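Novice: Structure file final-v5.cif, mmCIF, C-alpha atoms, is pasted below:
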data_query
#
loop_
_atom_site.label_atom_id
_atom_site.label_comp_id
_atom_site.auth_asym_id
_atom_site.auth_seq_id
_atom_site.Cartn_x
_atom_site.Cartn_y
_atom_site.Cartn_z
CA MET A 1 -11.24 11.91 2.86
CA LEU A 2 -14.21 10.31 1.29
CA LYS A 3 -17.29 10.00 3.47
CA ARG A 4 -20.86 11.13 2.60
CA HIS A 5 -24.51 12.19 4.27
CA ALA A 6 -1.11 -17.22 -10.92
CA ARG A 7 -3.61 -18.89 -12.54
CA ALA A 8 -1.81 -17.91 -15.76
CA ALA A 9 0.71 -15.41 -14.46
CA CYS A 10 3.67 -17.80 -14.56
CA THR A 11 2.69 -18.94 -18.04
CA ALA A 12 2.46 -15.33 -19.19
CA LEU A 13 5.86 -14.50 -17.75
CA ALA A 14 7.49 -17.46 -19.44
CA ALA A 15 5.79 -16.71 -22.76
CA ALA A 16 6.90 -13.08 -22.66
CA GLY A 17 10.45 -14.07 -21.69
CA LEU A 18 10.40 -11.40 -18.95
CA LEU A 19 12.10 -12.35 -15.72
CA LEU A 20 13.12 -9.80 -13.10
CA ALA A 21 16.07 -10.11 -10.77
CA GLY A 22 15.87 -12.84 -8.20
CA THR A 23 14.27 -15.31 -10.60
CA GLY A 24 17.49 -16.20 -12.43
CA GLY A 25 18.18 -16.16 -16.12
CA ALA A 26 16.07 -19.21 -16.97
CA ILE A 27 13.33 -21.36 -15.55
CA ALA A 28 14.76 -24.42 -13.87
CA ASP A 29 13.48 -27.85 -14.75
CA SER A 30 12.72 -28.67 -11.13
CA ALA A 31 10.73 -26.66 -8.61
CA PRO A 32 12.79 -24.12 -6.64
CA ALA A 33 13.52 -24.80 -3.00
CA THR A 34 11.82 -21.56 -2.00
CA PRO A 35 8.92 -19.72 -3.66
CA SER A 36 9.29 -16.69 -5.89
CA ALA A 37 7.82 -13.36 -4.86
CA ALA A 38 4.90 -13.89 -7.25
CA THR A 39 4.19 -17.26 -5.64
CA THR A 40 4.45 -15.83 -2.12
CA LEU A 41 2.02 -13.01 -2.96
CA ARG A 42 -0.24 -15.41 -4.89
CA THR A 43 -0.54 -13.20 -7.95
CA ALA A 44 -1.82 -16.14 -10.04
CA ASP A 45 -4.94 -16.23 -7.84
CA ALA A 46 -6.15 -12.82 -9.04
CA PRO A 47 -9.89 -13.18 -9.79
CA PRO A 48 -11.34 -12.36 -13.23
CA GLU A 49 -13.15 -9.33 -11.79
CA LEU A 50 -9.86 -7.73 -10.71
CA LEU A 51 -8.26 -8.46 -14.09
CA ALA A 52 -11.30 -6.97 -15.84
CA ALA A 53 -11.07 -3.78 -13.75
CA MET A 54 -7.37 -3.46 -14.55
CA GLY A 55 -8.30 -3.84 -18.21
CA ARG A 56 -10.89 -1.09 -17.98
CA ASP A 57 -8.78 1.40 -16.03
CA LEU A 58 -5.23 0.55 -17.19
CA GLY A 59 -5.94 -0.64 -20.75
CA LEU A 60 -4.57 -4.16 -20.20
CA THR A 61 -5.58 -7.52 -21.62
CA PRO A 62 -6.13 -10.27 -19.02
CA THR A 63 -2.75 -11.78 -19.97
CA GLN A 64 -1.03 -8.42 -19.57
CA ALA A 65 -2.75 -7.85 -16.22
CA GLU A 66 -1.61 -11.26 -14.95
CA ALA A 67 1.94 -10.60 -16.12
CA ARG A 68 1.90 -7.15 -14.54
CA LEU A 69 0.91 -8.47 -11.11
CA ALA A 70 3.69 -11.07 -11.25
CA HIS A 71 6.26 -8.49 -12.40
CA GLU A 72 5.24 -6.08 -9.63
CA ALA A 73 5.73 -8.77 -7.00
CA GLU A 74 9.20 -9.63 -8.29
CA ALA A 75 10.13 -5.96 -8.70
CA GLY A 76 9.13 -5.20 -5.12
CA ALA A 77 11.34 -7.99 -3.81
CA THR A 78 14.29 -6.98 -6.01
CA ALA A 79 13.98 -3.31 -5.06
CA ALA A 80 13.85 -4.28 -1.38
CA ARG A 81 17.04 -6.34 -1.65
CA LEU A 82 18.82 -3.51 -3.44
CA ARG A 83 17.63 -0.93 -0.92
CA ASP A 84 19.06 -3.08 1.83
CA ARG A 85 22.35 -3.41 -0.06
CA LEU A 86 22.71 0.27 -1.05
CA GLY A 87 21.94 1.61 2.41
CA ALA A 88 22.19 5.40 2.74
CA ALA A 89 22.90 5.85 -0.99
CA PHE A 90 19.47 4.50 -2.00
CA ALA A 91 17.43 7.14 -3.81
CA GLY A 92 14.20 5.34 -4.68
CA ALA A 93 12.80 2.68 -7.01
CA TRP A 94 9.89 2.42 -9.41
CA VAL A 95 8.40 0.21 -12.13
CA ASP A 96 7.48 1.28 -15.67
CA GLY A 97 5.81 -0.22 -18.73
CA ALA A 98 2.30 -1.47 -19.39
CA ASP A 99 3.15 -4.79 -17.72
CA ALA A 100 5.52 -3.23 -15.13
CA GLY A 101 8.37 -5.18 -16.71
CA THR A 102 11.02 -2.51 -16.07
CA LEU A 103 12.39 -1.80 -12.60
CA THR A 104 14.60 1.26 -12.07
CA VAL A 105 16.64 1.78 -8.91
CA ALA A 106 18.31 5.12 -8.17
CA THR A 107 21.51 5.64 -6.18
CA THR A 108 23.86 8.51 -5.35
CA ARG A 109 26.92 6.25 -5.54
CA ALA A 110 28.34 5.45 -8.98
CA ALA A 111 29.93 2.25 -7.70
CA ASP A 112 26.43 0.81 -7.07
CA THR A 113 25.28 0.87 -10.67
CA ALA A 114 26.94 -2.43 -11.62
CA ALA A 115 25.24 -4.26 -8.75
CA ILE A 116 21.88 -2.77 -9.70
CA ARG A 117 22.24 -3.93 -13.31
CA ALA A 118 23.44 -7.35 -12.16
CA ALA A 119 20.18 -7.69 -10.23
CA GLY A 120 18.21 -7.16 -13.45
CA ALA A 121 17.19 -3.54 -12.86
CA ARG A 122 18.04 -0.30 -14.60
CA ALA A 123 20.40 1.94 -12.65
CA LYS A 124 19.97 5.71 -12.36
CA LEU A 125 22.71 7.84 -10.80
CA VAL A 126 21.30 10.90 -8.99
CA THR A 127 22.54 13.58 -6.59
CA ARG A 128 20.11 13.32 -3.66
CA THR A 129 19.29 10.36 -1.43
CA LEU A 130 15.73 9.40 -0.61
CA ALA A 131 16.42 10.01 3.08
CA ALA A 132 17.65 13.56 2.42
CA LEU A 133 14.59 14.48 0.37
CA ASP A 134 12.28 12.94 2.98
CA ALA A 135 13.98 15.13 5.60
CA ASP A 136 13.27 18.20 3.44
CA ARG A 137 9.62 17.18 3.16
CA ALA A 138 9.32 16.85 6.93
CA VAL A 139 10.59 20.43 7.32
CA LEU A 140 8.00 21.72 4.85
CA ASP A 141 5.21 19.74 6.54
CA ARG A 142 5.61 21.78 9.71
CA ALA A 143 5.00 25.06 7.89
CA ALA A 144 2.67 24.08 5.03
CA GLY A 145 -0.85 25.42 4.74
CA PRO A 146 -3.91 24.99 2.49
CA ALA A 147 -2.22 26.80 -0.41
CA THR A 148 0.51 24.09 -0.55
CA PRO A 149 -1.66 21.05 0.18
CA VAL A 150 0.55 18.18 -1.05
CA ARG A 151 4.27 17.43 -0.63
CA TYR A 152 6.07 14.28 -1.74
CA VAL A 153 9.37 12.89 -2.98
CA ASP A 154 9.37 12.00 -6.68
CA PRO A 155 12.15 9.43 -7.19
CA ARG A 156 11.95 9.72 -10.99
CA SER A 157 12.99 13.39 -10.94
CA ASN A 158 15.01 13.09 -7.70
CA THR A 159 13.24 16.16 -6.34
CA LEU A 160 10.80 17.12 -3.64
CA VAL A 161 7.46 18.07 -5.25
CA VAL A 162 5.28 20.80 -3.75
CA GLU A 163 1.80 21.35 -5.15
CA GLU A 164 0.39 24.88 -4.88
CA THR A 165 -3.13 26.19 -5.39
CA GLU A 166 -2.02 29.85 -5.47
CA ALA A 167 0.81 31.36 -7.51
CA GLY A 168 3.84 32.01 -5.30
CA ALA A 169 2.62 29.86 -2.40
CA ALA A 170 5.35 27.25 -2.84
CA ALA A 171 8.08 29.91 -3.16
CA ALA A 172 6.90 31.50 0.06
CA LEU A 173 6.96 28.14 1.84
CA LEU A 174 10.49 27.42 0.65
CA ALA A 175 11.69 30.85 1.73
CA ALA A 176 10.06 30.52 5.15
CA THR A 177 11.73 27.17 5.79
CA GLY A 178 15.10 27.93 4.16
CA THR A 179 14.66 25.09 1.68
CA ASP A 180 16.86 25.12 -1.42
CA PRO A 181 14.57 25.74 -4.45
CA GLY A 182 16.97 23.68 -6.57
CA ARG A 183 15.80 20.56 -4.73
CA VAL A 184 12.11 21.28 -5.36
CA THR A 185 9.69 20.94 -8.27
CA VAL A 186 6.62 23.15 -8.00
CA VAL A 187 3.37 21.93 -9.54
CA ARG A 188 0.31 24.14 -9.91
CA THR A 189 -2.96 22.38 -9.08
CA ALA A 190 -6.53 23.58 -9.42
CA GLU A 191 -7.94 21.29 -6.75
CA ALA A 192 -6.96 20.65 -3.16
CA PRO A 193 -7.57 17.28 -1.49
CA ARG A 194 -10.29 17.36 1.14
CA PRO A 195 -12.37 15.03 3.26
CA LEU A 196 -15.42 14.26 1.15
CA TYR A 197 -17.67 13.60 4.09
CA ASP A 198 -20.30 10.96 3.90
CA LEU A 199 -18.94 5.00 4.61
CA ARG A 200 -16.86 -4.78 3.16
CA GLY A 201 -13.61 -4.15 2.35
CA GLY A 202 -15.65 -1.72 0.31
CA ASP A 203 -19.10 -2.16 1.91
CA ALA A 204 -20.85 0.84 3.37
CA TYR A 205 -21.23 1.55 7.05
CA TYR A 206 -22.97 4.41 8.82
CA MET A 207 -21.78 6.43 11.81
CA ASN A 208 -24.23 7.32 14.56
CA GLY A 209 -27.04 6.71 12.07
CA SER A 210 -25.96 9.54 9.75
CA GLY A 211 -22.69 9.91 7.77
CA ARG A 212 -21.45 7.07 5.55
CA CYS A 213 -17.97 5.61 4.99
CA SER A 214 -16.56 2.32 3.64
CA VAL A 215 -15.10 -0.70 5.39
CA GLY A 216 -11.35 -1.00 4.82
CA PHE A 217 -10.15 -4.49 5.73
CA PRO A 218 -11.73 -7.04 8.09
CA VAL A 219 -9.50 -7.79 11.09
CA THR A 220 -9.55 -9.59 14.41
CA LYS A 221 -8.19 -8.68 17.81
CA GLY A 222 -8.19 -11.80 19.96
CA SER A 223 -11.73 -13.15 19.63
CA THR A 224 -13.17 -9.78 18.56
CA HIS A 225 -14.02 -9.22 14.92
CA GLY A 226 -13.99 -5.81 13.26
CA PHE A 227 -12.40 -3.75 10.51
CA ALA A 228 -9.77 -1.12 9.81
CA THR A 229 -10.90 2.17 8.29
CA ALA A 230 -10.11 5.88 8.09
CA GLY A 231 -9.74 7.94 11.25
CA HIS A 232 -11.68 10.91 9.91
CA CYS A 233 -14.81 8.72 9.65
CA GLY A 234 -15.33 8.63 13.43
CA ARG A 235 -13.88 9.01 16.89
CA ALA A 236 -13.55 6.44 19.70
CA GLY A 237 -17.08 5.66 20.87
CA THR A 238 -18.80 6.50 17.58
CA THR A 239 -21.37 3.77 16.92
CA THR A 240 -21.80 2.13 13.53
CA SER A 241 -24.43 0.24 11.56
CA GLY A 242 -23.72 -1.91 8.54
CA PHE A 243 -24.62 -1.63 4.87
CA ASN A 244 -27.99 -3.17 5.80
CA GLN A 245 -28.52 -0.60 8.60
CA VAL A 246 -28.23 -3.36 11.24
CA ALA A 247 -26.35 -2.38 14.42
CA GLN A 248 -22.71 -3.24 13.81
CA GLY A 249 -20.28 -1.97 16.46
CA SER A 250 -18.28 1.07 17.51
CA PHE A 251 -14.96 2.83 16.92
CA GLN A 252 -12.35 1.63 19.42
CA ALA A 253 -9.57 4.06 18.46
CA SER A 254 -9.06 6.78 15.90
CA VAL A 255 -6.29 9.18 14.84
CA PHE A 256 -6.88 12.20 12.59
CA PRO A 257 -5.15 14.44 11.63
CA GLY A 258 -1.48 13.41 11.89
CA ASN A 259 -2.47 10.01 10.47
CA ASP A 260 -5.83 8.83 9.16
CA MET A 261 -6.37 5.48 10.90
CA ALA A 262 -9.06 3.81 12.99
CA TRP A 263 -10.62 0.48 13.77
CA VAL A 264 -14.15 -0.61 14.56
CA ALA A 265 -15.00 -3.58 16.81
CA ALA A 266 -18.12 -5.40 15.64
CA ASN A 267 -20.77 -7.11 17.72
CA THR A 268 -21.34 -10.87 17.62
CA GLN A 269 -23.71 -10.62 14.66
CA TRP A 270 -20.81 -9.74 12.38
CA THR A 271 -17.89 -11.97 11.29
CA SER A 272 -14.68 -10.85 9.62
CA THR A 273 -14.01 -12.40 6.22
CA PRO A 274 -10.82 -12.36 4.11
CA TYR A 275 -12.46 -10.50 1.26
CA VAL A 276 -12.83 -7.14 -0.42
CA LYS A 277 -15.94 -6.37 -2.42
CA GLY A 278 -14.87 -6.44 -6.05
CA SER A 279 -16.54 -5.71 -9.36
CA GLY A 280 -20.22 -6.63 -9.40
CA GLY A 281 -20.10 -7.52 -5.71
CA ALA A 282 -17.80 -10.51 -6.24
CA ASN A 283 -15.39 -11.40 -3.44
CA THR A 284 -11.72 -10.55 -3.99
CA GLN A 285 -9.49 -12.50 -1.61
CA VAL A 286 -6.90 -10.91 0.65
CA THR A 287 -3.78 -13.00 1.30
CA GLY A 288 -1.39 -10.54 2.95
CA SER A 289 -0.31 -6.93 3.42
CA VAL A 290 2.94 -6.46 1.47
CA LEU A 291 3.16 -2.83 0.31
CA GLN A 292 3.88 -2.64 -3.44
CA PRO A 293 6.42 -0.32 -5.14
CA VAL A 294 5.92 3.00 -6.91
CA GLY A 295 4.41 2.38 -10.35
CA ALA A 296 2.58 -0.79 -9.26
CA SER A 297 -1.10 -1.30 -10.04
CA VAL A 298 -3.62 -0.85 -7.26
CA CYS A 299 -7.42 -1.17 -7.11
CA ARG A 300 -9.85 0.47 -4.70
CA SER A 301 -13.25 -0.65 -3.42
CA GLY A 302 -15.69 1.90 -2.05
CA SER A 303 -19.39 2.10 -1.28
CA THR A 304 -20.04 5.05 -3.62
CA THR A 305 -18.09 4.32 -6.78
CA GLY A 306 -17.32 0.60 -6.37
CA TRP A 307 -14.21 -0.87 -7.97
CA HIS A 308 -11.59 1.29 -9.72
CA CYS A 309 -7.91 0.80 -10.51
CA GLY A 310 -4.82 2.91 -11.14
CA THR A 311 -1.18 3.02 -10.11
CA ILE A 312 0.86 3.98 -7.04
CA GLN A 313 2.53 7.34 -7.61
CA GLN A 314 4.43 8.00 -4.36
CA HIS A 315 4.72 6.57 -0.87
CA ASN A 316 5.25 8.61 2.30
CA THR A 317 3.34 11.63 0.99
CA SER A 318 2.17 14.51 3.19
CA VAL A 319 -1.23 16.12 2.63
CA THR A 320 -2.74 19.19 4.29
CA TYR A 321 -6.52 19.00 4.53
CA PRO A 322 -8.64 21.83 5.98
CA GLU A 323 -8.62 19.86 9.26
CA GLY A 324 -4.82 19.55 9.37
CA THR A 325 -1.84 17.67 7.95
CA ILE A 326 -1.50 13.91 7.66
CA SER A 327 1.80 12.24 6.82
CA GLY A 328 2.89 8.84 5.53
CA VAL A 329 0.04 8.36 3.06
CA THR A 330 0.40 6.91 -0.45
CA ARG A 331 -0.59 8.93 -3.52
CA THR A 332 -2.39 7.12 -6.38
CA THR A 333 -4.10 7.72 -9.72
CA VAL A 334 -7.24 5.87 -8.59
CA CYS A 335 -10.43 7.94 -8.51
CA ALA A 336 -12.82 8.18 -5.55
CA GLU A 337 -15.84 10.16 -4.41
CA PRO A 338 -17.73 11.00 -1.20
CA GLY A 339 -18.64 7.86 0.72
CA ASP A 340 -15.56 5.92 -0.45
CA SER A 341 -13.56 7.02 2.62
CA GLY A 342 -12.06 4.19 4.63
CA GLY A 343 -12.43 1.72 1.76
CA SER A 344 -9.90 -0.85 0.61
CA TYR A 345 -6.87 -0.47 -1.65
CA ILE A 346 -5.52 -3.80 -2.85
CA SER A 347 -2.74 -4.79 -5.26
CA GLY A 348 -3.33 -8.30 -6.58
CA SER A 349 -4.28 -10.01 -3.32
CA GLN A 350 -2.12 -7.83 -1.05
CA ALA A 351 -3.91 -5.31 1.16
CA GLN A 352 -2.37 -1.85 0.74
CA GLY A 353 -4.37 0.65 2.78
CA VAL A 354 -7.61 2.54 3.39
CA THR A 355 -8.94 5.53 1.49
CA SER A 356 -8.11 8.86 3.09
CA GLY A 357 -8.89 11.69 0.67
CA GLY A 358 -8.30 13.16 -2.72
CA SER A 359 -9.51 15.45 -5.46
CA GLY A 360 -11.48 15.02 -8.67
CA ASN A 361 -14.05 12.29 -9.25
CA CYS A 362 -14.66 9.07 -11.16
CA SER A 363 -16.12 10.87 -14.18
CA SER A 364 -13.27 13.23 -14.96
CA GLY A 365 -10.50 11.42 -13.02
CA GLY A 366 -8.59 12.42 -9.93
CA THR A 367 -5.90 11.76 -7.37
CA THR A 368 -6.41 9.89 -4.11
CA PHE A 369 -4.38 9.09 -1.01
CA PHE A 370 -4.51 5.99 1.16
CA GLN A 371 -3.37 5.41 4.72
CA PRO A 372 -1.12 2.29 4.57
CA LEU A 373 -2.65 -0.65 6.40
CA ASN A 374 0.41 -2.08 8.20
CA PRO A 375 0.76 0.92 10.55
CA ILE A 376 -2.93 0.51 11.51
CA LEU A 377 -2.45 -3.19 12.27
CA SER A 378 0.68 -2.42 14.31
CA ALA A 379 -0.76 0.55 16.22
CA TYR A 380 -3.86 -1.29 17.40
CA GLY A 381 -2.60 -4.89 17.64
CA LEU A 382 -4.91 -6.13 14.89
CA THR A 383 -4.60 -9.24 12.73
CA LEU A 384 -5.59 -8.94 9.08
CA LYS A 385 -8.10 -11.58 8.02
CA VAL A 386 -6.52 -13.51 5.13
CA SER A 387 -7.65 -16.42 3.01
CA GLY A 388 -5.93 -19.75 3.54
CA GLY A 389 -2.81 -20.67 1.64
CA ASP A 390 -0.04 -23.21 1.77
CA PRO A 391 1.20 -23.16 5.37
CA GLY A 392 4.69 -24.17 4.29
CA PRO A 393 6.58 -27.36 5.01
CA GLY A 394 7.06 -26.88 8.75
CA PRO A 395 9.36 -29.09 10.80
CA GLY A 396 9.72 -32.72 9.77
CA PRO A 397 8.62 -35.73 11.84
CA GLY A 398 10.33 -35.69 15.19
CA GLU A 399 11.98 -32.32 14.52
CA PRO A 400 11.56 -29.55 17.12
CA GLU A 401 9.90 -26.24 16.32
CA PRO A 402 12.64 -23.87 15.11
CA GLY A 403 12.00 -21.20 17.74
CA GLY A 404 13.39 -17.68 17.62
CA THR A 405 11.91 -14.21 17.81
CA TRP A 406 9.86 -14.34 14.58
CA LYS A 407 6.15 -14.52 15.37
CA ALA A 408 3.07 -14.81 13.18
CA GLY A 409 0.76 -11.81 13.57
CA THR A 410 3.58 -9.34 14.14
CA VAL A 411 3.83 -6.41 11.73
CA TYR A 412 7.43 -6.12 10.54
CA ALA A 413 8.84 -3.02 8.89
CA ALA A 414 11.62 -3.13 6.32
CA GLY A 415 14.93 -3.36 8.18
CA ALA A 416 13.57 -5.21 11.22
CA THR A 417 15.60 -8.24 12.31
CA VAL A 418 14.41 -11.54 13.79
CA THR A 419 15.84 -14.94 14.60
CA HIS A 420 14.39 -18.21 13.33
CA GLY A 421 15.83 -21.70 13.46
CA GLY A 422 19.12 -20.44 14.85
CA ALA A 423 19.66 -17.86 12.06
CA THR A 424 19.14 -14.11 11.86
CA TYR A 425 17.03 -12.52 9.13
CA ARG A 426 16.37 -8.93 8.07
CA CYS A 427 12.96 -7.86 6.76
CA LEU A 428 13.03 -6.63 3.14
CA GLN A 429 9.38 -5.59 2.67
CA GLY A 430 6.99 -4.48 5.38
CA HIS A 431 4.18 -6.98 6.08
CA GLN A 432 2.19 -8.74 8.76
CA ALA A 433 3.69 -12.18 9.36
CA GLN A 434 1.48 -15.24 8.97
CA PRO A 435 1.93 -19.03 9.12
CA GLY A 436 3.74 -20.14 5.96
CA TRP A 437 5.69 -16.89 5.77
CA GLU A 438 8.49 -17.98 8.11
CA PRO A 439 11.74 -16.24 7.05
CA PRO A 440 13.41 -19.26 5.37
CA ASN A 441 10.27 -19.85 3.27
CA VAL A 442 9.87 -16.36 1.77
CA PRO A 443 13.05 -14.81 0.36
CA ALA A 444 10.89 -12.05 -1.14
CA LEU A 445 10.26 -10.82 2.41
CA TRP A 446 13.31 -11.87 4.45
CA GLN A 447 17.06 -12.02 3.87
CA ARG A 448 19.41 -14.09 5.98
CA VAL A 449 22.21 -12.04 7.52
#
For this file, produce the structure as structure tokens.
Specialist:
Amino acid sequence: MLKRHARAACTALAAAGLLLAGTGGAIADSAPATPSAATTLRTADAPPELLAAMGRDLGLTPTQAEARLAHEAEAGATAARLRDRLGAAFAGAWVDGADAGTLTVATTRAADTAAIRAAGARAKLVTRTLAALDADRAVLDRAAGPATPVRYVDPRSNTLVVEETEAGAAAALLAATGTDPGRVTVVRTAEAPRPLYDLRGGDAYYMNGSGRCSVGFPVTKGSTHGFATAGHCGRAGTTTSGFNQVAQGSFQASVFPGNDMAWVAANTQWTSTPYVKGSGGANTQVTGSVLQPVGASVCRSGSTTGWHCGTIQQHNTSVTYPEGTISGVTRTTVCAEPGDSGGSYISGSQAQGVTSGGSGNCSSGGTTFFQPLNPILSAYGLTLKVSGGDPGPGPGPGEPEPGGTWKAGTVYAAGATVTHGGATYRCLQGHQAQPGWEPPNVPALWQRV
């Protein structure tokens, strides 16, 4: 924990001749009836500052960065459709390549490989399902200690990874829990993640006039403005002041350990905006909260080290800090330092989560973990502040509203079902619904069943 005292994307894709599944084999002469995943997630609107940071930290040209964001959006949608189709046999998905142009989907069922390839992805046949390895991780979580601080499923190796700080610690944990060592990869690490105590997305805030953390994402709850942040930064009732030391608000709810989530309600002097503080203080817009796949690029904003980028390594990771274990966090290659806790992780314009903890620093490099944002929004009934986009066509003149159970502002997890316009749809990628993202309009997020 870190707290201290398509502007050209579509052109680039066409020029490179790289189209992932779901886009078809060629670009049609006329506009499609429904938007692509890249259009839905507005990857072409990435600001120059974000592209520059991706160039610095990932070694990409602006054209490569634009293409990568578009590929990641399409890969996420394709992987979600395949996960839904493969069901229990699904064993993970990830993107590779400098521009994330290669999507791999793993399965335990040989009969699935043809369908995976037909969707434009590489198929990998493995022996263990993602669900089975996640169940193993949950068993280890209950017995893990500081000497085995991190546990996660690595879909590339189809194993459960246990990091140990002391020789033999992982073996002892496996023996104590009866876990098959053949399903586990042990990694020796010199550093253990910890809360690095000391607070826009990315702007500083101060707790009770002392410790500092970083704003995650501005939100609203009814008419109240505020922001999501890390739970270890404060408890319910903890008062806050802003980056300018002006009285700001107070923590309304907080969970840590277990999870690392909280939200702060601001007073009437403060207004939520749909922005994260980017490179040089420039505003980076937030347009949604679709979680991106393993291998995707992600950038972090924090009040100590500013704007840094890397990639998503694993979702649903478990980490044991000195204060206890938290589960369901995402592991990344982005660096962070004390004071960055609670700050924003964003992929393109999609909010990902808030900084929890990590190891290393922004001089020598490190590993960080973020608490995904959608569970925070869902737990506390918050609405992410997003910048305006195309609200979609809506009903025609004289046509009734379609009705159904779908509702803007609701956080939907992958697999959730809703009705809209007399049809049933299943959610493919977790997100908070917003006007314009009605199920028929966004096939990257919803599939009719």
Novice: Could you jot down the CA of Ala46 in chain A to CA of Gly348 in chain A separation for me, Å, one decimal place?
Specialist: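 Spanning CA of Ala46 in chain A to CA of Gly348 in chain A is a straight-line distance of 5.9 Å.
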Novice: Convert the output of the PyMOL selection byres ((chain A and resi 219-229) around 7) on the shown file into explicit residues, formatted as a PDB file with C-alpha atoms, in the coordinates of the input.
Specialist:
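Heads up, here's the output in expr-v3.pdb:
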ATOM      1  CA  VAL A 215     -15.100  -0.700   5.390  1.00  0.00           C
ATOM      2  CA  GLY A 216     -11.350  -1.000   4.820  1.00  0.00           C
ATOM      3  CA  PHE A 217     -10.150  -4.490   5.730  1.00  0.00           C
ATOM      4  CA  PRO A 218     -11.730  -7.040   8.090  1.00  0.00           C
ATOM      5  CA  ALA A 230     -10.110   5.880   8.090  1.00  0.00           C
ATOM      6  CA  GLY A 231      -9.740   7.940  11.250  1.00  0.00           C
ATOM      7  CA  MET A 261      -6.370   5.480  10.900  1.00  0.00           C
ATOM      8  CA  ALA A 262      -9.060   3.810  12.990  1.00  0.00           C
ATOM      9  CA  TRP A 263     -10.620   0.480  13.770  1.00  0.00           C
ATOM     10  CA  VAL A 264     -14.150  -0.610  14.560  1.00  0.00           C
ATOM     11  CA  ALA A 265     -15.000  -3.580  16.810  1.00  0.00           C
ATOM     12  CA  ALA A 266     -18.120  -5.400  15.640  1.00  0.00           C
ATOM     13  CA  THR A 271     -17.890 -11.970  11.290  1.00  0.00           C
ATOM     14  CA  SER A 272     -14.680 -10.850   9.620  1.00  0.00           C
ATOM     15  CA  GLY A 342     -12.060   4.190   4.630  1.00  0.00           C
ATOM     16  CA  GLY A 343     -12.430   1.720   1.760  1.00  0.00           C
ATOM     17  CA  VAL A 354      -7.610   2.540   3.390  1.00  0.00           C
ATOM     18  CA  GLY A 381      -2.600  -4.890  17.640  1.00  0.00           C
ATOM     19  CA  LEU A 382      -4.910  -6.130  14.890  1.00  0.00           C
ATOM     20  CA  THR A 383      -4.600  -9.240  12.730  1.00  0.00           C
ATOM     21  CA  LEU A 384      -5.590  -8.940   9.080  1.00  0.00           C
ATOM     22  CA  LYS A 385      -8.100 -11.580   8.020  1.00  0.00           C
TER      23      LYS A 385
END
Novice: Mind giving me the straight-line distance from CA of Gly237 in chain A to CA of Ala204 in chain A in Å, one decimal?
Specialist: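 Pair CA of Gly237 in chain A / CA of Ala204 in chain A returns 18.5 Å.
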Novice: For Cys427 in chain A, find every residue with an atom within 8 Å (counting all atoms listed in the file), except residues of its own chain fewer than 3 positions away, and show them as a list in words.
Specialist: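 The residues that qualify are Tyr412, Ala413, Ala414, Gly415, Ala416, Thr417, Gly430, Leu445, Trp446 and Gln447 of chain A.
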Novice: Translate the PyMOL selection byres ((chain A and resi 75) around 9), as applied to the file shown, into an explicit residue set as a short mmCIF file (atom, residue, chain, number, x, y, z; two decimals) with C-alpha atoms, in the frame of the given file.
Specialist:
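Just written: out19.cif:
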data_model
loop_
_atom_site.label_atom_id
_atom_site.label_comp_id
_atom_site.auth_asym_id
_atom_site.auth_seq_id
_atom_site.Cartn_x
_atom_site.Cartn_y
_atom_site.Cartn_z
CA LEU A 20 13.12 -9.80 -13.10
CA ALA A 21 16.07 -10.11 -10.77
CA GLY A 22 15.87 -12.84 -8.20
CA ALA A 37 7.82 -13.36 -4.86
CA ALA A 70 3.69 -11.07 -11.25
CA HIS A 71 6.26 -8.49 -12.40
CA GLU A 72 5.24 -6.08 -9.63
CA ALA A 73 5.73 -8.77 -7.00
CA GLU A 74 9.20 -9.63 -8.29
CA GLY A 76 9.13 -5.20 -5.12
CA ALA A 77 11.34 -7.99 -3.81
CA THR A 78 14.29 -6.98 -6.01
CA ALA A 79 13.98 -3.31 -5.06
CA ALA A 80 13.85 -4.28 -1.38
CA TRP A 94 9.89 2.42 -9.41
CA VAL A 95 8.40 0.21 -12.13
CA ALA A 100 5.52 -3.23 -15.13
CA GLY A 101 8.37 -5.18 -16.71
CA THR A 102 11.02 -2.51 -16.07
CA LEU A 103 12.39 -1.80 -12.60
CA ALA A 121 17.19 -3.54 -12.86
CA GLN A 292 3.88 -2.64 -3.44
CA PRO A 293 6.42 -0.32 -5.14
#
Novice: Which distance in Å separates CA of Asn441 in chain A and CA of Ser347 in chain A, to one decimal?
Specialist: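 For CA of Asn441 in chain A relative to CA of Ser347 in chain A, the distance reads 21.7 Å.
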Novice: Excluding Arg331 in chain A and residues on its chain fewer than 3 positions from it, collect all residues at most 9 Å away from it, counting all atoms listed in the file, and give them as an NGL selection string.
Specialist: :A and (152 or 311-317 or 334 or 358 or 367-370)
Novice: Would you save the residues from that selection as an mmCIF file, in the coordinates of the input, using C-alpha atoms?
Specialist:
data_model
loop_
_atom_site.group_PDB
_atom_site.id
_atom_site.type_symbol
_atom_site.label_atom_id
_atom_site.label_comp_id
_atom_site.auth_asym_id
_atom_site.auth_seq_id
_atom_site.Cartn_x
_atom_site.Cartn_y
_atom_site.Cartn_z
ATOM 1 C CA TYR A 152 6.070 14.280 -1.740
ATOM 2 C CA THR A 311 -1.180 3.020 -10.110
ATOM 3 C CA ILE A 312 0.860 3.980 -7.040
ATOM 4 C CA GLN A 313 2.530 7.340 -7.610
ATOM 5 C CA GLN A 314 4.430 8.000 -4.360
ATOM 6 C CA HIS A 315 4.720 6.570 -0.870
ATOM 7 C CA ASN A 316 5.250 8.610 2.300
ATOM 8 C CA THR A 317 3.340 11.630 0.990
ATOM 9 C CA VAL A 334 -7.240 5.870 -8.590
ATOM 10 C CA GLY A 358 -8.300 13.160 -2.720
ATOM 11 C CA THR A 367 -5.900 11.760 -7.370
ATOM 12 C CA THR A 368 -6.410 9.890 -4.110
ATOM 13 C CA PHE A 369 -4.380 9.090 -1.010
ATOM 14 C CA PHE A 370 -4.510 5.990 1.160
#
